[in-house]
>>> print(open('final-v1.pdb').read())   # PDB, C-alpha atoms, pLDDT in the B column
MODEL        1
ATOM      1  CA  ALA A   5     -61.358  16.811  -0.984  1.00 79.00           C
ATOM      2  CA  ALA A   6     -65.027  17.661  -0.305  1.00 86.00           C
ATOM      3  CA  VAL A   7     -65.312  19.869  -3.363  1.00 91.00           C
ATOM      4  CA  LYS A   8     -63.698  17.205  -5.536  1.00 92.00           C
ATOM      5  CA  ILE A   9     -66.338  14.667  -4.458  1.00 90.00           C
ATOM      6  CA  LEU A  10     -69.084  17.222  -5.104  1.00 92.00           C
ATOM      7  CA  GLN A  11     -67.705  17.875  -8.592  1.00 94.00           C
ATOM      8  CA  GLN A  12     -67.509  14.138  -9.296  1.00 92.00           C
ATOM      9  CA  ILE A  13     -71.182  13.727  -8.432  1.00 92.00           C
ATOM     10  CA  LEU A  14     -72.184  16.783 -10.465  1.00 94.00           C
ATOM     11  CA  ASN A  15     -70.115  15.530 -13.406  1.00 93.00           C
ATOM     12  CA  SER A  16     -71.875  12.156 -13.332  1.00 90.00           C
ATOM     13  CA  ASP A  17     -74.845  13.837 -15.062  1.00 92.00           C
ATOM     14  CA  PRO A  18     -74.421  15.721 -18.365  1.00 93.00           C
ATOM     15  CA  ASP A  19     -77.041  18.251 -17.209  1.00 95.00           C
ATOM     16  CA  THR A  20     -75.019  19.302 -14.159  1.00 95.00           C
ATOM     17  CA  ARG A  21     -71.414  19.092 -15.343  1.00 95.00           C
ATOM     18  CA  VAL A  22     -68.999  21.556 -13.799  1.00 96.00           C
ATOM     19  CA  ALA A  23     -67.004  21.906 -17.024  1.00 95.00           C
ATOM     20  CA  GLU A  24     -66.863  20.219 -20.408  1.00 94.00           C
ATOM     21  CA  ALA A  25     -63.057  20.227 -20.504  1.00 93.00           C
ATOM     22  CA  GLY A  26     -60.121  21.238 -18.350  1.00 94.00           C
ATOM     23  CA  ILE A  27     -60.147  21.807 -14.607  1.00 92.00           C
ATOM     24  CA  GLY A  28     -63.415  20.736 -13.034  1.00 92.00           C
ATOM     25  CA  SER A  29     -64.393  18.476 -15.915  1.00 93.00           C
ATOM     26  CA  SER A  30     -64.980  14.752 -15.538  1.00 91.00           C
ATOM     27  CA  GLY A  31     -61.691  13.149 -14.546  1.00 92.00           C
ATOM     28  CA  SER A  32     -60.141  16.554 -13.798  1.00 93.00           C
ATOM     29  CA  GLU A  33     -62.164  17.512 -10.738  1.00 94.00           C
ATOM     30  CA  SER A  34     -60.470  19.917  -8.333  1.00 94.00           C
ATOM     31  CA  ASN A  35     -60.676  21.065  -4.731  1.00 92.00           C
ATOM     32  CA  PHE A  36     -61.746  24.572  -5.793  1.00 92.00           C
ATOM     33  CA  PHE A  37     -65.336  25.730  -5.258  1.00 93.00           C
ATOM     34  CA  GLY A  38     -65.486  28.510  -7.802  1.00 94.00           C
ATOM     35  CA  PRO A  39     -68.032  30.007 -10.198  1.00 95.00           C
ATOM     36  CA  ALA A  40     -68.253  26.882 -12.386  1.00 96.00           C
ATOM     37  CA  THR A  41     -69.005  24.641  -9.408  1.00 96.00           C
ATOM     38  CA  LEU A  42     -71.552  27.139  -8.094  1.00 96.00           C
ATOM     39  CA  LYS A  43     -73.268  27.209 -11.491  1.00 96.00           C
ATOM     40  CA  ALA A  44     -73.352  23.395 -11.559  1.00 97.00           C
ATOM     41  CA  VAL A  45     -74.846  23.286  -8.040  1.00 96.00           C
ATOM     42  CA  LYS A  46     -77.568  25.697  -9.169  1.00 97.00           C
ATOM     43  CA  LYS A  47     -78.304  23.559 -12.258  1.00 97.00           C
ATOM     44  CA  PHE A  48     -78.481  20.509  -9.985  1.00 97.00           C
ATOM     45  CA  GLN A  49     -80.908  22.236  -7.624  1.00 97.00           C
ATOM     46  CA  GLU A  50     -83.123  23.377 -10.489  1.00 97.00           C
ATOM     47  CA  LYS A  51     -83.094  19.944 -12.150  1.00 96.00           C
ATOM     48  CA  TYR A  52     -84.274  18.226  -8.984  1.00 96.00           C
ATOM     49  CA  GLY A  53     -86.688  20.955  -7.866  1.00 95.00           C
ATOM     50  CA  LEU A  54     -84.661  21.712  -4.734  1.00 95.00           C
ATOM     51  CA  SER A  55     -84.332  25.467  -5.203  1.00 95.00           C
ATOM     52  CA  GLY A  56     -84.359  28.131  -7.875  1.00 95.00           C
ATOM     53  CA  PRO A  57     -83.383  31.728  -8.541  1.00 96.00           C
ATOM     54  CA  GLY A  58     -84.531  33.986  -5.719  1.00 94.00           C
ATOM     55  CA  GLU A  59     -85.357  31.101  -3.403  1.00 94.00           C
ATOM     56  CA  GLU A  60     -83.729  30.438  -0.058  1.00 89.00           C
ATOM     57  CA  GLY A  61     -80.739  28.120  -0.298  1.00 90.00           C
ATOM     58  CA  TYR A  62     -80.204  28.604  -4.012  1.00 95.00           C
ATOM     59  CA  GLY A  63     -76.551  27.886  -4.768  1.00 94.00           C
ATOM     60  CA  ASN A  64     -75.838  26.540  -1.282  1.00 92.00           C
ATOM     61  CA  VAL A  65     -75.184  22.892  -0.589  1.00 92.00           C
ATOM     62  CA  GLY A  66     -77.709  22.694   2.224  1.00 90.00           C
ATOM     63  CA  PRO A  67     -79.644  19.763   3.719  1.00 90.00           C
ATOM     64  CA  LYS A  68     -81.979  19.118   0.767  1.00 92.00           C
ATOM     65  CA  THR A  69     -79.161  19.351  -1.757  1.00 93.00           C
ATOM     66  CA  ARG A  70     -76.894  17.117   0.352  1.00 90.00           C
ATOM     67  CA  ALA A  71     -79.666  14.527   0.677  1.00 91.00           C
ATOM     68  CA  LYS A  72     -80.148  14.420  -3.092  1.00 92.00           C
ATOM     69  CA  LEU A  73     -76.383  14.268  -3.667  1.00 90.00           C
ATOM     70  CA  ASN A  74     -76.191  11.332  -1.235  1.00 85.00           C
ATOM     71  CA  GLU A  75     -79.033   9.598  -3.040  1.00 86.00           C
ATOM     72  CA  ILE A  76     -77.326   9.989  -6.399  1.00 83.00           C
ATOM     73  CA  SER A  77     -73.959   9.010  -4.992  1.00 80.00           C
ATOM     74  CA  ALA A  78     -75.411   5.798  -3.591  1.00 75.00           C
ATOM     75  CA  LYS A  79     -76.686   4.920  -7.074  1.00 70.00           C
ATOM     76  CA  THR A  80     -73.284   5.616  -8.641  1.00 62.00           C
ATOM     77  CA  GLY A  81     -71.329   3.630  -6.071  1.00 58.00           C
ATOM     78  CA  GLY A  82     -70.214   6.347  -3.625  1.00 55.00           C
ATOM     79  CA  THR A  83     -70.441   5.855   0.107  1.00 54.00           C
ATOM     80  CA  ASP A  84     -72.972   7.939   2.000  1.00 57.00           C
ATOM     81  CA  GLN A  85     -70.627   8.723   4.884  1.00 59.00           C
ATOM     82  CA  GLN A  86     -67.886  10.021   2.604  1.00 65.00           C
ATOM     83  CA  ILE A  87     -70.370  12.204   0.780  1.00 66.00           C
ATOM     84  CA  GLU A  88     -71.981  13.454   3.982  1.00 67.00           C
ATOM     85  CA  ASP A  89     -68.573  14.348   5.429  1.00 69.00           C
ATOM     86  CA  ALA A  90     -67.616  16.095   2.199  1.00 73.00           C
ATOM     87  CA  MET A  91     -70.869  18.050   2.135  1.00 72.00           C
ATOM     88  CA  LYS A  92     -70.309  19.213   5.723  1.00 75.00           C
ATOM     89  CA  GLN A  93     -66.879  20.479   4.723  1.00 77.00           C
ATOM     90  CA  ILE A  94     -68.385  22.287   1.731  1.00 79.00           C
ATOM     91  CA  LYS A  95     -70.926  23.978   4.024  1.00 77.00           C
ATOM     92  CA  VAL A  96     -68.096  25.227   6.238  1.00 78.00           C
ATOM     93  CA  LEU A  97     -66.221  26.552   3.209  1.00 80.00           C
ATOM     94  CA  GLN A  98     -69.333  28.288   1.878  1.00 80.00           C
ATOM     95  CA  ASP A  99     -69.924  29.930   5.255  1.00 79.00           C
ATOM     96  CA  GLN A 100     -66.322  31.114   5.300  1.00 77.00           C
ATOM     97  CA  LEU A 101     -66.704  32.596   1.808  1.00 78.00           C
ATOM     98  CA  LYS A 102     -69.799  34.510   2.914  1.00 76.00           C
ATOM     99  CA  THR A 103     -67.939  36.133   5.788  1.00 75.00           C
ATOM    100  CA  THR A 104     -64.830  37.002   3.752  1.00 66.00           C
ATOM    101  CA  PRO A 105     -64.890  40.609   2.496  1.00 64.00           C
TER     102      PRO A 105
ENDMDL
END
>>> encode(input="final-v1.pdb", output="structure tokens")
Amino acid sequence: AAVKILQQILNSDPDTRVAEAGIGSSGSESNFFGPATLKAVKKFQEKYGLSGPGEEGYGNVGPKTRAKLNEISAKTGGTDQQIEDAMKQIKVLQDQLKTTP
């Protein structure tokens, strides 16, 4: 559910869409954090000056990225607590992916 919320926020801006059509696109968000979602997170971070290639945190949904996602979500009608909970779950999933061979 956390990834789906993340994708919905990313898809709310044409510059950070996960996909133009199919799974991950607006209205077809999924619970899968794959390469397309990672690419969208990186575009989001670059757009808002949060991180860039070679910088610490690039591609991770860390504190600065979560704060900006919460800010945007509040403007688009999402609830901060739902987003914060979802972002915590995403962090756990990302950590698990890093430790999986």
>>> atom_distance(input="final-v1.pdb", atom1="atom CA of A:Gly56", atom2="atom CA of A:Gln93")
22.9 Å
>>> resolve_selection(input="final-v1.pdb", expression="the PyMOL selection byres ((chain A and resi 19-29) around 12)", output="ChimeraX atom specification")
/A:7-18,30-52,73
>>> closest_residue(input="final-v1.pdb", among="A:Lys102, A:Met91, A:Lys79, A:Gly66", to="A:Ala6", atoms="only C-alpha atoms")
A:Met91
>>> atom_distance(input="final-v1.pdb", atom1="atom CA of A:Val96", atom2="atom CA of A:Ala78")
23.0 Å
>>> resolve_selection(input="final-v1.pdb", expression="the PyMOL selection byres ((chain A and resi 70) around 10)", output="PyMOL selection string")
chain A and resi 10+64-69+71-76+87-88+90-92+95
>>> axis_aligned_box(input="final-v1.pdb", around="stretch 87-101 of chain A", padding_each_side="4 Å", output="lines of an AutoDock Vina configuration file")
center_x = -69.1
center_y = 22.4
center_z = 3.5
size_x = 13.8
size_y = 28.4
size_z = 13.5
>>> decode(input="final-v1.pdb", residues="stretch 47-63 of chain A", atoms="N, CA and C atoms", output="PDB file, in the first residue's frame")
ATOM      1  N   LYS A  47      13.826  11.314 -10.426  1.00  0.00           N
ATOM      2  CA  LYS A  47      13.379  12.530 -11.127  1.00  0.00           C
ATOM      3  C   LYS A  47      12.783  13.521 -10.123  1.00  0.00           C
ATOM      4  N   PHE A  48      12.023  13.006  -9.171  1.00  0.00           N
ATOM      5  CA  PHE A  48      11.419  13.832  -8.132  1.00  0.00           C
ATOM      6  C   PHE A  48      12.509  14.536  -7.315  1.00  0.00           C
ATOM      7  N   GLN A  49      13.511  13.776  -6.905  1.00  0.00           N
ATOM      8  CA  GLN A  49      14.591  14.338  -6.100  1.00  0.00           C
ATOM      9  C   GLN A  49      15.364  15.404  -6.876  1.00  0.00           C
ATOM     10  N   GLU A  50      15.609  15.157  -8.138  1.00  0.00           N
ATOM     11  CA  GLU A  50      16.320  16.140  -8.960  1.00  0.00           C
ATOM     12  C   GLU A  50      15.476  17.393  -9.151  1.00  0.00           C
ATOM     13  N   LYS A  51      14.186  17.206  -9.433  1.00  0.00           N
ATOM     14  CA  LYS A  51      13.293  18.351  -9.668  1.00  0.00           C
ATOM     15  C   LYS A  51      13.264  19.294  -8.470  1.00  0.00           C
ATOM     16  N   TYR A  52      13.243  18.723  -7.277  1.00  0.00           N
ATOM     17  CA  TYR A  52      13.125  19.544  -6.074  1.00  0.00           C
ATOM     18  C   TYR A  52      14.457  19.811  -5.382  1.00  0.00           C
ATOM     19  N   GLY A  53      15.558  19.474  -6.038  1.00  0.00           N
ATOM     20  CA  GLY A  53      16.885  19.768  -5.498  1.00  0.00           C
ATOM     21  C   GLY A  53      17.198  19.005  -4.219  1.00  0.00           C
ATOM     22  N   LEU A  54      16.626  17.819  -4.075  1.00  0.00           N
ATOM     23  CA  LEU A  54      16.824  17.026  -2.859  1.00  0.00           C
ATOM     24  C   LEU A  54      18.082  16.166  -2.929  1.00  0.00           C
ATOM     25  N   SER A  55      18.391  15.671  -4.115  1.00  0.00           N
ATOM     26  CA  SER A  55      19.552  14.819  -4.315  1.00  0.00           C
ATOM     27  C   SER A  55      19.761  14.643  -5.811  1.00  0.00           C
ATOM     28  N   GLY A  56      20.950  14.205  -6.168  1.00  0.00           N
ATOM     29  CA  GLY A  56      21.256  13.980  -7.575  1.00  0.00           C
ATOM     30  C   GLY A  56      22.228  12.835  -7.735  1.00  0.00           C
ATOM     31  N   PRO A  57      22.532  12.492  -8.969  1.00  0.00           N
ATOM     32  CA  PRO A  57      23.451  11.379  -9.235  1.00  0.00           C
ATOM     33  C   PRO A  57      24.750  11.538  -8.444  1.00  0.00           C
ATOM     34  N   GLY A  58      25.141  10.463  -7.777  1.00  0.00           N
ATOM     35  CA  GLY A  58      26.379  10.459  -7.008  1.00  0.00           C
ATOM     36  C   GLY A  58      26.259  11.029  -5.611  1.00  0.00           C
ATOM     37  N   GLU A  59      25.119  11.599  -5.284  1.00  0.00           N
ATOM     38  CA  GLU A  59      24.935  12.188  -3.960  1.00  0.00           C
ATOM     39  C   GLU A  59      24.302  11.183  -3.010  1.00  0.00           C
ATOM     40  N   GLU A  60      24.579  11.366  -1.735  1.00  0.00           N
ATOM     41  CA  GLU A  60      24.008  10.494  -0.711  1.00  0.00           C
ATOM     42  C   GLU A  60      22.482  10.573  -0.741  1.00  0.00           C
ATOM     43  N   GLY A  61      21.841   9.429  -0.648  1.00  0.00           N
ATOM     44  CA  GLY A  61      20.383   9.388  -0.598  1.00  0.00           C
ATOM     45  C   GLY A  61      19.696   9.354  -1.939  1.00  0.00           C
ATOM     46  N   TYR A  62      20.464   9.473  -3.008  1.00  0.00           N
ATOM     47  CA  TYR A  62      19.852   9.508  -4.342  1.00  0.00           C
ATOM     48  C   TYR A  62      19.132   8.188  -4.618  1.00  0.00           C
ATOM     49  N   GLY A  63      17.844   8.282  -4.915  1.00  0.00           N
ATOM     50  CA  GLY A  63      17.036   7.108  -5.200  1.00  0.00           C
ATOM     51  C   GLY A  63      16.382   6.499  -3.978  1.00  0.00           C
TER      52      GLY A  63
END
